[in-house]
file structure05.cif (mmCIF, C-alpha atoms)
data_protein
loop_
_atom_site.label_atom_id
_atom_site.label_comp_id
_atom_site.auth_asym_id
_atom_site.auth_seq_id
_atom_site.Cartn_x
_atom_site.Cartn_y
_atom_site.Cartn_z
CA MET I 1 -12.22 229.77 -31.20
CA LEU I 2 -15.92 229.92 -32.06
CA LYS I 3 -16.74 228.22 -28.77
CA ASP I 4 -14.70 230.82 -26.85
CA LYS I 5 -16.48 233.67 -28.63
CA ARG I 6 -19.86 232.15 -27.83
CA LYS I 7 -18.83 231.67 -24.23
CA ARG I 8 -17.60 235.24 -23.93
CA LYS I 9 -20.76 236.60 -25.53
CA GLU I 10 -22.86 234.61 -23.06
CA ARG I 11 -20.90 235.96 -20.12
CA GLN I 12 -21.13 239.47 -21.48
CA GLY I 13 -24.89 239.07 -21.58
CA LYS I 14 -24.95 237.94 -17.96
CA SER I 15 -22.78 240.90 -17.00
CA ALA I 16 -25.29 243.27 -18.61
CA TRP I 17 -28.17 241.42 -16.93
CA ILE I 18 -26.66 241.87 -13.44
CA GLU I 19 -26.06 245.52 -14.21
CA GLY I 20 -29.72 245.78 -15.22
CA GLU I 21 -30.75 244.18 -11.91
CA MET I 22 -28.69 246.74 -10.07
CA PHE I 23 -30.27 249.57 -12.04
CA SER I 24 -33.76 248.22 -11.31
CA TYR I 25 -32.92 248.10 -7.61
CA LEU I 26 -31.65 251.70 -7.52
CA LYS I 27 -34.16 253.10 -10.04
CA PRO I 28 -36.46 254.84 -7.47
CA LEU I 29 -33.46 256.65 -5.99
CA LEU I 30 -31.94 257.50 -9.38
CA ARG I 31 -35.20 259.06 -10.54
CA LYS I 32 -35.30 261.36 -7.53
CA LEU I 33 -31.66 262.29 -8.03
CA ASN I 34 -32.34 263.06 -11.69
CA GLN I 35 -34.80 265.74 -10.59
CA LYS I 36 -32.17 267.52 -8.49
CA ILE I 37 -28.79 267.12 -10.20
CA ASP I 38 -27.35 266.91 -13.69
CA ARG I 39 -27.88 263.70 -15.63
CA ARG I 40 -24.14 263.11 -15.87
CA LEU I 41 -23.86 263.18 -12.08
CA VAL I 42 -26.67 260.61 -11.86
CA SER I 43 -24.65 258.35 -14.17
CA THR I 44 -21.61 258.95 -11.97
CA PHE I 45 -23.68 257.98 -8.91
CA PHE I 46 -24.68 254.67 -10.51
CA GLY I 47 -21.12 254.03 -11.69
CA LEU I 48 -19.73 254.83 -8.25
CA VAL I 49 -21.81 252.09 -6.62
CA MET I 50 -20.46 249.68 -9.24
CA ALA I 51 -16.89 250.87 -8.64
CA ILE I 52 -17.26 250.29 -4.88
CA LEU I 53 -18.43 246.73 -5.58
CA ILE I 54 -15.45 246.11 -7.86
CA HIS I 55 -12.72 247.78 -5.80
CA ARG I 56 -11.87 245.64 -2.78
CA HIS I 57 -9.25 247.16 -0.50
CA ARG I 58 -9.63 247.56 3.25
CA ASN I 59 -7.37 250.61 3.55
CA HIS I 60 -8.23 252.35 0.26
CA GLY I 61 -11.67 251.02 -0.60
CA LEU I 62 -13.38 254.43 -0.34
CA VAL I 63 -10.50 256.67 -1.44
CA LEU I 64 -11.73 258.85 -4.32
CA SER I 65 -8.57 258.50 -6.43
CA GLU I 66 -8.82 254.71 -6.29
CA LEU I 67 -12.53 254.71 -7.12
CA GLY I 68 -11.96 257.16 -9.99
CA SER I 69 -9.60 254.70 -11.67
CA HIS I 70 -12.23 251.97 -11.47
CA LEU I 71 -14.93 254.31 -12.72
CA LEU I 72 -13.26 255.42 -15.97
CA GLY I 73 -10.19 253.21 -16.16
CA PRO I 74 -6.57 253.84 -15.05
CA GLU I 75 -5.78 256.10 -18.01
CA HIS I 76 -8.65 258.42 -17.08
CA GLY I 77 -8.27 258.16 -13.31
CA ARG I 78 -8.02 261.94 -12.79
CA ALA I 79 -11.22 262.56 -14.70
CA GLY I 80 -12.99 259.81 -12.74
CA THR I 81 -11.84 261.29 -9.43
CA LYS I 82 -13.05 264.72 -10.52
CA ARG I 83 -16.47 263.33 -11.42
CA ILE I 84 -16.84 261.64 -8.04
CA SER I 85 -15.73 264.83 -6.27
CA ASN I 86 -18.33 266.87 -8.16
CA LEU I 87 -21.01 264.36 -7.15
CA ILE I 88 -20.01 264.25 -3.48
CA GLN I 89 -19.56 268.01 -3.15
CA SER I 90 -22.78 268.97 -4.95
CA ASP I 91 -25.11 271.04 -2.74
CA LYS I 92 -28.17 270.12 -4.83
CA TRP I 93 -28.66 266.79 -3.10
CA GLY I 94 -28.06 265.43 0.38
CA GLY I 95 -27.56 262.12 2.12
CA GLY I 96 -31.12 262.31 3.43
CA MET I 97 -32.31 260.99 0.05
CA ILE I 98 -30.43 257.73 0.60
CA VAL I 99 -31.60 257.58 4.22
CA ARG I 100 -35.22 257.81 3.05
CA PHE I 101 -34.55 255.14 0.42
CA LEU I 102 -33.28 252.79 3.15
CA TRP I 103 -36.34 253.54 5.31
CA GLU I 104 -38.55 252.61 2.35
CA GLN I 105 -36.66 249.33 1.93
CA GLY I 106 -37.18 248.53 5.61
CA THR I 107 -40.90 249.37 5.41
CA GLN I 108 -41.32 247.17 2.36
CA ARG I 109 -39.65 244.24 4.13
CA ILE I 110 -41.88 244.70 7.19
CA ASN I 111 -44.99 244.68 5.01
CA GLU I 112 -43.82 241.45 3.36
CA LEU I 113 -43.22 239.77 6.73
CA VAL I 114 -46.61 240.88 8.05
CA GLU I 115 -48.34 239.50 4.95
CA GLN I 116 -46.60 236.17 5.57
CA GLY I 117 -47.94 236.12 9.12
CA GLU I 118 -44.48 236.59 10.65
CA ARG I 119 -43.44 239.01 13.35
CA PRO I 120 -40.83 241.50 12.00
CA LEU I 121 -37.66 241.90 14.06
CA VAL I 122 -35.88 245.25 14.23
CA ILE I 123 -32.26 244.75 15.31
CA TRP I 124 -30.33 247.72 16.73
CA ASP I 125 -26.59 247.93 17.31
CA GLU I 126 -23.95 250.56 17.93
CA SER I 127 -20.38 250.83 16.79
CA VAL I 128 -17.75 253.47 16.05
CA ILE I 129 -15.79 254.61 13.02
CA GLU I 130 -12.15 254.97 14.07
CA LYS I 131 -9.86 257.54 12.42
CA PRO I 132 -6.74 257.27 14.60
CA GLU I 133 -4.47 259.13 12.14
CA SER I 134 -6.90 262.01 11.50
CA LEU I 135 -7.12 265.35 13.27
CA ALA I 136 -8.36 267.91 10.71
CA ALA I 137 -11.52 266.08 9.62
CA GLU I 138 -14.80 267.60 10.77
CA GLY I 139 -16.91 265.90 13.42
CA LEU I 140 -14.19 263.87 15.14
CA CYS I 141 -14.66 263.04 18.80
CA ALA I 142 -13.16 260.59 21.28
CA VAL I 143 -14.40 257.03 20.74
CA ARG I 144 -13.42 253.85 22.52
CA SER I 145 -11.30 251.78 20.15
CA THR I 146 -12.88 248.38 19.49
CA LYS I 147 -9.81 247.47 17.48
CA ALA I 148 -7.62 247.96 20.57
CA VAL I 149 -9.99 245.83 22.64
CA ARG I 150 -9.67 243.04 20.10
CA LEU I 151 -5.87 243.28 19.98
CA LYS I 152 -5.62 243.24 23.80
CA ARG I 153 -7.69 240.07 24.12
CA ILE I 154 -5.84 237.18 25.79
CA LYS I 155 -4.84 234.46 23.34
CA PRO I 156 -3.94 230.89 24.38
CA GLY I 157 -0.23 230.19 24.37
CA TYR I 158 0.91 233.81 24.60
CA PHE I 159 2.07 235.74 27.64
CA ASN I 160 2.01 239.25 29.10
CA PRO I 161 -1.27 240.40 27.55
CA PRO I 162 -1.52 244.21 27.59
CA GLY I 163 -3.77 245.66 30.22
CA GLY I 164 -4.60 249.10 31.52
CA ARG I 165 -7.40 251.54 30.87
CA PRO I 166 -9.50 251.64 27.66
CA ILE I 167 -7.92 253.26 24.61
CA PHE I 168 -9.70 256.21 22.99
CA VAL I 169 -8.94 257.46 19.47
CA PRO I 170 -10.43 260.10 17.13
CA GLY I 171 -13.59 258.96 15.35
CA PHE I 172 -17.35 259.23 15.48
CA HIS I 173 -20.28 257.13 16.64
CA TRP I 174 -22.42 254.87 14.49
CA LEU I 175 -25.91 253.37 14.83
CA GLN I 176 -27.28 250.71 12.48
CA VAL I 177 -30.76 249.18 12.22
CA LEU I 178 -31.73 245.97 10.40
CA VAL I 179 -35.13 244.46 9.62
CA LEU I 180 -35.40 240.69 9.31
CA GLY I 181 -37.58 237.69 10.02
CA LYS I 182 -36.93 234.26 11.48
CA LYS I 183 -34.98 233.27 8.38
CA GLY I 184 -33.44 234.91 5.37
CA PRO I 185 -31.02 237.78 4.80
CA PRO I 186 -31.40 241.09 6.65
CA THR I 187 -32.60 244.39 5.20
CA LEU I 188 -30.64 247.51 6.05
CA ALA I 189 -33.22 250.06 7.22
CA HIS I 190 -31.19 252.89 8.73
CA LEU I 191 -27.67 254.23 9.23
CA ARG I 192 -26.77 257.17 11.44
CA TRP I 193 -23.53 258.78 12.56
CA TRP I 194 -23.01 261.45 15.19
CA THR I 195 -20.31 263.18 17.19
CA THR I 196 -20.08 264.44 20.77
CA ARG I 197 -17.94 267.49 19.95
CA GLY I 198 -18.09 270.62 17.84
CA VAL I 199 -21.04 272.36 16.19
CA ARG I 200 -22.74 269.00 15.46
CA GLU I 201 -22.51 267.87 19.06
CA SER I 202 -25.14 265.33 20.03
CA SER I 203 -25.60 262.46 22.46
CA LYS I 204 -26.26 258.78 22.15
CA ARG I 205 -29.72 258.85 23.75
CA ARG I 206 -30.80 261.89 21.74
CA GLU I 207 -29.97 260.22 18.43
CA GLU I 208 -31.55 256.92 19.46
CA ARG I 209 -34.68 258.72 20.65
CA GLN I 210 -35.10 260.31 17.21
CA VAL I 211 -34.76 256.92 15.52
CA LEU I 212 -37.28 255.31 17.88
CA ARG I 213 -39.75 258.15 17.31
CA GLN I 214 -39.45 257.78 13.53
CA MET I 215 -39.93 254.00 13.76
CA ASP I 216 -43.03 254.51 15.85
CA ASP I 217 -44.45 256.83 13.18
CA LEU I 218 -43.57 254.49 10.29
CA TRP I 219 -44.08 251.00 11.71
CA GLY I 220 -46.21 251.40 14.81
CA LYS I 221 -46.40 248.49 17.23
CA GLU I 222 -46.12 245.70 14.63
CA VAL I 223 -42.37 245.19 15.09
CA LEU I 224 -40.35 243.63 17.90
CA HIS I 225 -37.21 245.61 18.77
CA VAL I 226 -34.10 243.64 19.77
CA TRP I 227 -31.52 245.53 21.86
CA ASP I 228 -28.20 244.51 23.35
CA ARG I 229 -26.83 245.33 26.81
CA GLY I 230 -25.74 248.81 25.70
CA PHE I 231 -29.40 249.87 25.82
CA ALA I 232 -30.07 248.47 29.31
CA GLY I 233 -30.92 250.87 32.10
CA LYS I 234 -33.51 253.33 33.33
CA PRO I 235 -33.20 256.05 30.61
CA TRP I 236 -33.81 253.73 27.67
CA LEU I 237 -36.50 251.68 29.42
CA SER I 238 -38.41 254.89 30.14
CA MET I 239 -38.14 255.87 26.49
CA ALA I 240 -39.39 252.45 25.37
CA PHE I 241 -42.36 252.68 27.75
CA THR I 242 -43.16 256.17 26.45
CA TYR I 243 -43.62 254.83 22.91
CA ALA I 244 -45.14 251.53 24.12
CA ALA I 245 -42.50 249.65 22.13
CA ARG I 246 -42.43 245.87 22.09
CA PHE I 247 -38.87 244.76 22.77
CA VAL I 248 -36.37 242.10 23.75
CA LEU I 249 -33.50 243.56 25.76
CA ARG I 250 -30.47 241.70 27.03
CA TRP I 251 -30.32 242.62 30.71
CA PRO I 252 -26.98 242.61 32.61
CA LYS I 253 -27.04 239.99 35.34
CA HIS I 254 -26.17 242.47 38.11
CA TYR I 255 -28.90 244.99 37.17
CA LYS I 256 -31.86 244.88 39.53
CA LEU I 257 -35.54 244.09 38.94
CA ILE I 258 -38.55 243.59 41.19
CA ASP I 259 -39.51 239.91 41.43
CA GLN I 260 -42.96 238.40 42.06
CA ASP I 261 -42.54 238.77 45.84
CA GLY I 262 -42.00 242.52 45.48
CA LYS I 263 -38.31 242.36 46.38
CA LEU I 264 -35.63 244.32 44.52
CA ARG I 265 -33.07 241.72 43.40
CA LYS I 266 -30.37 241.27 40.81
CA ALA I 267 -31.26 239.30 37.69
CA TRP I 268 -28.99 236.38 38.56
CA GLU I 269 -30.51 236.19 42.06
CA ILE I 270 -34.03 235.88 40.61
CA ASN I 271 -32.79 233.02 38.45
CA ARG I 272 -30.80 231.23 41.20
CA GLY I 273 -31.98 227.75 42.16
CA LYS I 274 -34.77 227.51 39.55
CA ARG I 275 -34.95 224.51 37.24
CA SER I 276 -35.10 224.95 33.49
CA TRP I 277 -38.48 224.34 31.86
CA GLU I 278 -37.14 222.71 28.70
CA TYR I 279 -33.93 221.98 26.82
CA ARG I 280 -33.05 222.33 23.14
CA TYR I 281 -29.96 222.20 20.99
CA LEU I 282 -29.49 225.66 19.47
CA TRP I 283 -26.96 226.70 16.87
CA ASP I 284 -24.29 229.14 18.11
CA ALA I 285 -23.58 231.30 15.04
CA ARG I 286 -20.51 232.87 16.64
CA ARG I 287 -18.76 229.63 17.62
CA ARG I 288 -20.37 227.57 14.85
CA CYS I 289 -21.53 224.73 17.08
CA CYS I 290 -24.72 223.44 18.72
CA ARG I 291 -25.25 224.09 22.42
CA LYS I 292 -27.65 222.40 24.78
CA THR I 293 -29.71 225.32 26.06
CA GLY I 294 -32.25 225.42 28.87
CA ILE I 295 -34.86 228.12 29.39
CA VAL I 296 -36.84 229.47 32.31
CA ALA I 297 -38.90 232.66 32.64
CA PHE I 298 -40.07 234.88 35.49
CA GLU I 299 -42.58 237.69 35.72
CA VAL I 300 -40.80 240.81 36.96
CA TYR I 301 -41.40 244.55 37.25
CA ASP I 302 -39.44 247.63 36.29
CA PRO I 303 -37.84 249.14 39.44
CA GLU I 304 -38.90 252.71 38.54
CA GLY I 305 -42.34 252.53 36.92
CA HIS I 306 -43.35 249.07 38.17
CA VAL I 307 -44.27 248.11 34.60
CA PRO I 308 -44.91 244.34 34.28
CA LEU I 309 -42.23 242.57 32.23
CA TRP I 310 -40.86 239.06 31.73
CA LEU I 311 -37.31 237.89 32.32
CA VAL I 312 -36.35 234.95 30.07
CA VAL I 313 -33.12 233.18 31.05
CA ALA I 314 -31.34 231.07 28.44
CA ARG I 315 -28.76 228.75 30.05
CA ARG I 316 -26.26 227.93 27.31
CA GLY I 317 -24.22 225.28 29.07
CA GLN I 318 -21.15 225.07 31.23
CA GLY I 319 -18.63 227.87 30.72
CA GLN I 320 -21.14 230.13 28.91
CA THR I 321 -22.77 233.16 30.48
CA PRO I 322 -26.57 232.86 30.50
CA TRP I 323 -28.68 235.29 28.50
CA TYR I 324 -30.98 237.39 30.68
CA LEU I 325 -33.59 238.69 28.23
CA LEU I 326 -36.07 241.30 29.42
CA THR I 327 -39.18 241.50 27.24
CA THR I 328 -42.63 243.02 27.07
CA GLU I 329 -44.03 239.89 25.39
CA PRO I 330 -46.14 237.73 27.76
CA ILE I 331 -44.64 234.30 28.48
CA CYS I 332 -47.37 231.71 29.09
CA LEU I 333 -45.77 228.60 27.60
CA PRO I 334 -42.21 227.37 27.00
CA GLN I 335 -42.74 228.00 23.26
CA ASP I 336 -43.19 231.70 24.04
CA ALA I 337 -39.87 231.77 25.89
CA TRP I 338 -38.12 229.96 23.04
CA SER I 339 -39.42 232.53 20.54
CA ILE I 340 -37.78 235.29 22.61
CA VAL I 341 -34.47 233.42 22.75
CA LEU I 342 -34.52 232.75 18.99
CA ALA I 343 -35.39 236.39 18.30
CA TYR I 344 -32.37 237.56 20.27
CA ALA I 345 -30.15 234.97 18.55
CA ARG I 346 -30.94 236.70 15.25
CA ARG I 347 -29.12 239.76 16.61
CA TRP I 348 -25.85 238.25 15.38
CA GLN I 349 -26.86 239.38 11.87
CA VAL I 350 -26.23 243.02 12.75
CA GLU I 351 -22.76 242.16 14.09
CA MET I 352 -21.94 240.48 10.79
CA THR I 353 -23.27 243.48 8.86
CA ILE I 354 -21.09 245.93 10.78
CA ARG I 355 -18.10 243.68 10.24
CA PHE I 356 -18.82 243.55 6.49
CA HIS I 357 -19.07 247.34 6.31
CA LYS I 358 -15.76 247.83 8.11
CA THR I 359 -13.77 245.14 6.31
CA GLU I 360 -15.22 244.65 2.82
CA LEU I 361 -16.60 248.16 2.26
CA ALA I 362 -13.77 249.92 4.13
CA PHE I 363 -15.99 252.32 6.08
CA GLU I 364 -12.95 253.60 8.00
CA SER I 365 -10.94 254.50 4.89
CA PRO I 366 -12.51 257.78 3.55
CA ARG I 367 -10.17 260.80 3.67
CA LEU I 368 -12.79 263.50 3.28
CA VAL I 369 -12.55 266.55 5.53
CA LYS I 370 -16.14 267.76 5.32
CA TRP I 371 -18.72 265.94 7.45
CA GLU I 372 -21.49 266.05 4.82
CA HIS I 373 -19.22 264.76 2.06
CA ARG I 374 -18.09 261.83 4.21
CA PHE I 375 -21.69 261.14 5.17
CA LYS I 376 -22.73 260.95 1.49
CA LEU I 377 -19.88 258.61 0.53
CA LEU I 378 -20.62 256.18 3.36
CA LEU I 379 -24.29 256.09 2.42
CA ILE I 380 -23.44 255.39 -1.23
CA ALA I 381 -21.21 252.54 -0.05
CA SER I 382 -24.12 251.17 1.98
CA LEU I 383 -26.12 250.88 -1.27
CA ALA I 384 -23.47 248.48 -2.54
CA TYR I 385 -24.15 246.30 0.51
CA THR I 386 -27.93 246.41 0.08
CA PHE I 387 -27.63 245.38 -3.57
CA LEU I 388 -25.40 242.44 -2.66
CA VAL I 389 -27.97 241.34 -0.09
CA SER I 390 -30.70 241.58 -2.74
CA LEU I 391 -28.76 239.02 -4.80
CA LEU I 392 -29.36 236.51 -1.98
CA HIS I 393 -33.04 236.32 -2.94
CA PRO I 394 -34.12 232.70 -3.65
CA ALA I 395 -35.25 233.65 -7.16
CA LEU I 396 -31.63 234.50 -8.09
CA ILE I 397 -30.10 231.24 -6.87
CA LEU I 398 -29.03 230.12 -10.39
CA ILE I 399 -27.06 233.25 -11.28
CA ARG I 400 -25.64 233.39 -7.74
CA ASN I 401 -24.41 229.80 -7.81
CA TRP I 402 -22.96 230.34 -11.28
CA LEU I 403 -21.02 233.38 -10.07
CA LEU I 404 -19.69 231.58 -7.01
CA HIS I 405 -18.71 228.44 -8.90
CA THR I 406 -17.13 230.19 -11.89
CA PHE I 407 -15.39 233.22 -10.40
CA CYS I 408 -14.90 232.40 -6.72
CA HIS I 409 -14.59 228.64 -6.46
CA ARG I 410 -13.65 227.36 -3.00
CA THR I 411 -12.93 223.82 -1.88
CA GLY I 412 -13.20 224.38 1.88
CA LYS I 413 -16.14 222.79 3.69
CA ARG I 414 -16.99 226.00 5.53
CA SER I 415 -17.20 228.00 2.30
CA ARG I 416 -19.45 225.40 0.70
CA GLU I 417 -21.81 225.27 3.69
CA THR I 418 -22.15 229.03 4.21
CA SER I 419 -25.82 229.92 3.81
CA ALA I 420 -25.22 233.56 2.83
CA PRO I 421 -21.74 233.82 1.23
CA LEU I 422 -21.71 237.61 0.99
CA TYR I 423 -17.90 237.92 0.98
CA ARG I 424 -17.50 235.32 -1.75
CA LEU I 425 -20.34 236.85 -3.72
CA ARG I 426 -18.63 240.23 -3.80
CA ILE I 427 -15.32 238.65 -4.83
CA ALA I 428 -17.06 236.77 -7.64
CA LEU I 429 -18.91 239.86 -8.86
CA SER I 430 -15.73 241.93 -8.72
CA VAL I 431 -13.71 239.41 -10.73
CA PHE I 432 -16.60 238.94 -13.17
CA TRP I 433 -17.03 242.65 -13.87
CA LEU I 434 -13.25 243.19 -14.16
CA SER I 435 -12.94 240.42 -16.77
CA HIS I 436 -16.28 241.18 -18.49
CA PRO I 437 -17.05 244.91 -17.96
CA PRO I 438 -20.78 245.66 -18.08
CA PRO I 439 -22.03 248.03 -20.79
CA PHE I 440 -22.22 250.97 -18.40
CA PHE I 441 -24.32 253.75 -19.93
CA SER I 442 -27.02 256.17 -18.82
CA TYR I 443 -30.41 254.59 -18.46
CA LEU I 444 -32.17 257.88 -17.79
#
call {"tool": "encode", "arguments": {"input": "structure05.cif", "output": "structure tokens"}}
result
Amino acid sequence: MLKDKRKRKERQGKSAWIEGEMFSYLKPLLRKLNQKIDRRLVSTFFGLVMAILIHRHRNHGLVLSELGSHLLGPEHGRAGTKRISNLIQSDKWGGGMIVRFLWEQGTQRINELVEQGERPLVIWDESVIEKPESLAAEGLCAVRSTKAVRLKRIKPGYFNPPGGRPIFVPGFHWLQVLVLGKKGPPTLAHLRWWTTRGVRESSKRREERQVLRQMDDLWGKEVLHVWDRGFAGKPWLSMAFTYAARFVLRWPKHYKLIDQDGKLRKAWEINRGKRSWEYRYLWDARRRCCRKTGIVAFEVYDPEGHVPLWLVVARRGQGQTPWYLLTTEPICLPQDAWSIVLAYARRWQVEMTIRFHKTELAFESPRLVKWEHRFKLLLIASLAYTFLVSLLHPALILIRNWLLHTFCHRTGKRSRETSAPLYRLRIALSVFWLSHPPPFFSYL
């Protein structure tokens, strides 16, 4: 009995310590909120981030009534829901405060990477938030359903796969930006949502132009932007040249460039018949296997402005489509080409982040009608993600391993070998805080 009490007291201390780490992480933001809203709402803000970490439900993860029960307990669920509603609906603060907090986190990470002599990578990616059952919510527009694309994908052993035109459902558009280096977890630097209908009507290029302009003001030319094929084309290239941005852009193989002979040719035609310079075995994070990859590079020019660029081709083996990577970085040696390929390979981190937001943090579950209220709730949920990522710091390896081993033990080889077990870490923290509630109180 005495041993159990000592053990419980020790765990209770660790629960309070993790809560203190979370408070230290959010302290700059909480101080600014304390200057604008009531102290009780600041406490609700801090408790809401904790409730989001504890409550794990894909369909109801960001439903206010569910979060209210986790905030104050099931017997006071109505009061908890009312507190969250007062926080979300308050006009004294806006989501821009959290957006600025994320920008500051990204700037801090870039400064750390520059001090270490490493080139910071800024990874962009687009997605959509689908609300197929909603009609009354503000800001909804037609978005192409990625869920339908996934369900229509051909699977071995099954017949009559559905075909036809793309499926569009109500929703809104989403842009996410990460900052990271060659290794280590990513840092969420920016989130943005927009719609193409109604009073808040905007466009994809207009929103991306604003983000690029702000990055140029904050970070200058120290960072290397990594863009996927959705950014390829004349409009975005012209914008990148306007701000003299350094970038790596995956170029579609049928898009044209001017080769060294001055001829306008498709990317795959420039690459045809040329031997690879070198070969390496690179890890495929998506398929979880090593692939023998060859590289070759060509000096090319933009068809419109005749700006000198380099086309790096990564040949990933039989049955795999090569990567055609257009970059502003000069390629003089094979090592330079490999650095471009490895930089683009890091882009998979943003895909994993979007997947985590949609599945673990239930970004598609809010049932708020007002655009601003929904915007605030999603940004608060993003703080839960950034705190989880902060727990992946090497200095916290002991407490992290203890959480994973004690509250989310797994025997599978894949779970043991995962370098950044973010899903398991959230499960462990949720179970830990449910069994040993932290001494939640106002620090301010």
call {"tool": "residues_around", "arguments": {"input": "structure05.cif", "residues": "I:Gly80", "least_positions_apart": "4", "cutoff": "7 Å", "atoms": "all atoms listed in the file", "output": "VMD selection string"}}
result
chain I and resid 68 to 69 71 to 72 76 84
call {"tool": "resolve_selection", "arguments": {"input": "structure05.cif", "expression": "the PyMOL selection byres ((chain I and resi 358-365) around 7)", "output": "list in words"}}
result
Arg56, Arg58, Asn59, His60, Gly61, Leu62, Val63, Ile129, Glu130, Lys131, Ile354, Arg355, Phe356, His357, Pro366, Arg367, Leu378 and Ala381 of chain I
call {"tool": "write_last_selection", "arguments": {"input": "structure05.cif", "atoms": "C-alpha atoms", "output": "PDB file, keeping the file's coordinate frame"}}
result
ATOM      1  CA  ARG I  56     -11.870 245.640  -2.780  1.00  0.00           C
ATOM      2  CA  ARG I  58      -9.630 247.560   3.250  1.00  0.00           C
ATOM      3  CA  ASN I  59      -7.370 250.610   3.550  1.00  0.00           C
ATOM      4  CA  HIS I  60      -8.230 252.350   0.260  1.00  0.00           C
ATOM      5  CA  GLY I  61     -11.670 251.020  -0.600  1.00  0.00           C
ATOM      6  CA  LEU I  62     -13.380 254.430  -0.340  1.00  0.00           C
ATOM      7  CA  VAL I  63     -10.500 256.670  -1.440  1.00  0.00           C
ATOM      8  CA  ILE I 129     -15.790 254.610  13.020  1.00  0.00           C
ATOM      9  CA  GLU I 130     -12.150 254.970  14.070  1.00  0.00           C
ATOM     10  CA  LYS I 131      -9.860 257.540  12.420  1.00  0.00           C
ATOM     11  CA  ILE I 354     -21.090 245.930  10.780  1.00  0.00           C
ATOM     12  CA  ARG I 355     -18.100 243.680  10.240  1.00  0.00           C
ATOM     13  CA  PHE I 356     -18.820 243.550   6.490  1.00  0.00           C
ATOM     14  CA  HIS I 357     -19.070 247.340   6.310  1.00  0.00           C
ATOM     15  CA  PRO I 366     -12.510 257.780   3.550  1.00  0.00           C
ATOM     16  CA  ARG I 367     -10.170 260.800   3.670  1.00  0.00           C
ATOM     17  CA  LEU I 378     -20.620 256.180   3.360  1.00  0.00           C
ATOM     18  CA  ALA I 381     -21.210 252.540  -0.050  1.00  0.00           C
TER      19      ALA I 381
END
call {"tool": "resolve_selection", "arguments": {"input": "structure05.cif", "expression": "the PyMOL selection byres ((chain I and resi 105) around 10)", "output": "PyMOL selection string"}}
result
chain I and resi 99-104+106-110+179+187-190+386
call {"tool": "write_last_selection", "arguments": {"input": "structure05.cif", "atoms": "C-alpha atoms", "output": "short mmCIF file (atom, residue, chain, number, x, y, z; two decimals), in the frame of the given file"}}
result
data_model
loop_
_atom_site.label_atom_id
_atom_site.label_comp_id
_atom_site.auth_asym_id
_atom_site.auth_seq_id
_atom_site.Cartn_x
_atom_site.Cartn_y
_atom_site.Cartn_z
CA VAL I 99 -31.60 257.58 4.22
CA ARG I 100 -35.22 257.81 3.05
CA PHE I 101 -34.55 255.14 0.42
CA LEU I 102 -33.28 252.79 3.15
CA TRP I 103 -36.34 253.54 5.31
CA GLU I 104 -38.55 252.61 2.35
CA GLY I 106 -37.18 248.53 5.61
CA THR I 107 -40.90 249.37 5.41
CA GLN I 108 -41.32 247.17 2.36
CA ARG I 109 -39.65 244.24 4.13
CA ILE I 110 -41.88 244.70 7.19
CA VAL I 179 -35.13 244.46 9.62
CA THR I 187 -32.60 244.39 5.20
CA LEU I 188 -30.64 247.51 6.05
CA ALA I 189 -33.22 250.06 7.22
CA HIS I 190 -31.19 252.89 8.73
CA THR I 386 -27.93 246.41 0.08
#
call {"tool": "residues_around", "arguments": {"input": "structure05.cif", "residues": "stretch 45-48 of chain I", "least_positions_apart": "4", "cutoff": "8 Å", "atoms": "all atoms listed in the file", "output": "ChimeraX atom specification"}}
result
/I:23,30,41,52,67,71,84,87,380,440
call {"tool": "closest_residue", "arguments": {"input": "structure05.cif", "among": "I:Leu26, I:Leu368, I:Leu237, I:Leu180", "to": "I:His306", "atoms": "only C-alpha atoms"}}
result
I:Leu237
call {"tool": "resolve_selection", "arguments": {"input": "structure05.cif", "expression": "the PyMOL selection byres ((chain I and resi 313) around 10)", "output": "compact mmCIF listing (two decimals) with C-alpha atoms, in the coordinates of the input"}}
result
# COMPACT_ATOMS: atom_id res chain seq x y z
CA ARG I 250 -30.47 241.70 27.03
CA TRP I 251 -30.32 242.62 30.71
CA ALA I 267 -31.26 239.30 37.69
CA TRP I 268 -28.99 236.38 38.56
CA ILE I 270 -34.03 235.88 40.61
CA ASN I 271 -32.79 233.02 38.45
CA SER I 276 -35.10 224.95 33.49
CA THR I 293 -29.71 225.32 26.06
CA GLY I 294 -32.25 225.42 28.87
CA ILE I 295 -34.86 228.12 29.39
CA VAL I 296 -36.84 229.47 32.31
CA ALA I 297 -38.90 232.66 32.64
CA PHE I 298 -40.07 234.88 35.49
CA TRP I 310 -40.86 239.06 31.73
CA LEU I 311 -37.31 237.89 32.32
CA VAL I 312 -36.35 234.95 30.07
CA ALA I 314 -31.34 231.07 28.44
CA ARG I 315 -28.76 228.75 30.05
CA ARG I 316 -26.26 227.93 27.31
CA PRO I 322 -26.57 232.86 30.50
CA TRP I 323 -28.68 235.29 28.50
CA TYR I 324 -30.98 237.39 30.68
CA LEU I 325 -33.59 238.69 28.23
CA LEU I 326 -36.07 241.30 29.42
CA ALA I 337 -39.87 231.77 25.89
CA TRP I 338 -38.12 229.96 23.04
CA ILE I 340 -37.78 235.29 22.61
CA VAL I 341 -34.47 233.42 22.75
call {"tool": "closest_residue", "arguments": {"input": "structure05.cif", "among": "I:Val177, I:Leu64, I:Tyr281, I:Ile399", "to": "I:His373", "atoms": "all atoms listed in the file"}}
result
I:Leu64
call {"tool": "atom_distance", "arguments": {"input": "structure05.cif", "atom1": "atom CA of I:Gly412", "atom2": "atom CA of I:Arg424"}}
result
12.3 Å
